[in-house]
Each structure stands twice: as C-alpha cells, then as structure tokens.
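Report on one structure; see the data block that follows.
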Amino acid sequence: MRQERERLTGLYNKEKAMELIQDYLGSSQEECVAIVMDIDNFQKVNNLFGVERGDDVLKDTARVLQEFFMEDDIISRINGDQFIIFAKNCKDDENLNIRLHELCTTMEQEITDGTKSCRISASIGVAVTETAGRNRDVLFQAASEAMDDAKKNGKGAVNFYRAKNN
C-alpha cells in the first residue's frame, strides 16, 4: 500500500492530493479555490541554520495551514517549501481575501539564533474555478502563476489569478 501522507509534515503527498482534487472536481460543481503557497527565503533558513531548522519551519507551516483551513480541504506539500491547498465549496469573496492576508501575516517571522537572522514570509497565489476553470492542472497552473507574480511584486503577499484578455 502506498503512502498517502508525507512523513515530515503529515500532509497529503502530492500524488494523493492531486488524485483527491481530481475526484472532487469531477463529482462536484461547487466553486472551489486552488492556492499555491511558497515560503519566502526558505533556502536561506537551511543555509544559515541547517536542514533541521528548515524542517521545523516546514512542520510549523503545515500546522498553521491545518489551523487556517477546513478539515475537509486538501492540503499538501508538493515540493521543498511549496504547498498547495484546495478549498472546497469556496469562491473568490472578501472573506477569503481577508483570511489569506491573515495567513500571510501569521507566516511572517524572524528566524534567529542570536548571531544571525533570516526573515521568512509567504507568497500566495489563488485561482478560483469560476475564473480559471475546472481542469485541475490548469487551475493549479493559474494559482502558481499568481504566486509567482506575488513573489515578483515583493513577496509576502496574496495575489489572485485574473484571466488575461486576448
């Protein structure tokens, strides 16, 4: 039997998360939200303080995500310091925007050992099925592009995908 959860964080592994998301998108017509989140300056944490401290940051991030989202939402660490969240029965509304900004604020912290320090934050990209469609891969690609734009615009921010006009 294959593992469904990642050992370090206890979150779904990427394969299981993508399977669950695909199943949900195929069986429900409710509006949903795909979120891609990256920890800003994570590599610097590993370089300055070591992999064990980096692992602590990843475990803390997993705990924060589980507290911020509903129990039946799908949360996964997909690689390194990047996480995906699939929020079911959710849409692009003011409450979501407020909550994601709260998540950004919660993720901001200074990692220090008294002699050196590093500031981490989170860049978050969001795509809504209403805007990006119901194809899982296209939906998460849109969220990833939105996250990349958040990083380009200074990090530590939330950015919603907006369909580009042709």
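By order of appearance in the structure tokens: chains A, B, ..., then residues from 1 within every chain, and ligands from 1 in the order shown.
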
List every residue of chain A that DSSP, applied to the backbone, labels as helix (DSSP H, G or I), and write the result as a PyMOL selection string. chain A and resi 14-27+42-49+51-68+94-107+129-132+136-152

Contact check, stretch 8-50 of chain A to stretch 124-140 of chain A, at most 9 Å, counting only C-alpha atoms, closest pairs as JSON lines:
```
{"residue": "A:Met18", "atom": "CA", "partner": "A:Arg136", "partner_atom": "CA", "distance": 7.9}
{"residue": "A:Ile21", "atom": "CA", "partner": "A:Arg136", "partner_atom": "CA", "distance": 7.1}
{"residue": "A:Gln22", "atom": "CA", "partner": "A:Arg136", "partner_atom": "CA", "distance": 6.2}
{"residue": "A:Leu25", "atom": "CA", "partner": "A:Arg134", "partner_atom": "CA", "distance": 6.5}
{"residue": "A:Gly26", "atom": "CA", "partner": "A:Arg134", "partner_atom": "CA", "distance": 8.5}
{"residue": "A:Gln29", "atom": "CA", "partner": "A:Arg134", "partner_atom": "CA", "distance": 8.8}
{"residue": "A:Glu30", "atom": "CA", "partner": "A:Thr129", "partner_atom": "CA", "distance": 8.7}
{"residue": "A:Glu31", "atom": "CA", "partner": "A:Thr129", "partner_atom": "CA", "distance": 5.8}
{"residue": "A:Cys32", "atom": "CA", "partner": "A:Thr129", "partner_atom": "CA", "distance": 5.6}
{"residue": "A:Val33", "atom": "CA", "partner": "A:Val128", "partner_atom": "CA", "distance": 4.5}
{"residue": "A:Ala34", "atom": "CA", "partner": "A:Ala127", "partner_atom": "CA", "distance": 5.2}
{"residue": "A:Ile35", "atom": "CA", "partner": "A:Val126", "partner_atom": "CA", "distance": 4.6}
{"residue": "A:Val36", "atom": "CA", "partner": "A:Gly125", "partner_atom": "CA", "distance": 5.2}
{"residue": "A:Met37", "atom": "CA", "partner": "A:Ile124", "partner_atom": "CA", "distance": 4.5}
{"residue": "A:Asp38", "atom": "CA", "partner": "A:Ile124", "partner_atom": "CA", "distance": 6.6}
{"residue": "A:Ile39", "atom": "CA", "partner": "A:Ile124", "partner_atom": "CA", "distance": 8.9}
```

Env of stretch 52-54 of chain A: 10 Å cut, atoms = only C-alpha atoms, seq-sep filter 5 positions within chain, self excluded. Answer as a ChimeraX atom specification. /A:42-47,59-60,80-81,111

Counting only C-alpha atoms, what is within 10 Å of A:Arg77, bar same-chain residues fewer than 2 positions away, as a count of residues only? 24

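Residue neighbourhood of A:Arg119, excluding near-sequence residues (fewer than 5 positions): Asn41, Glu108, Gln109, Glu110 and Ile111 of chain A, at 8 Å, using only C-alpha atoms.
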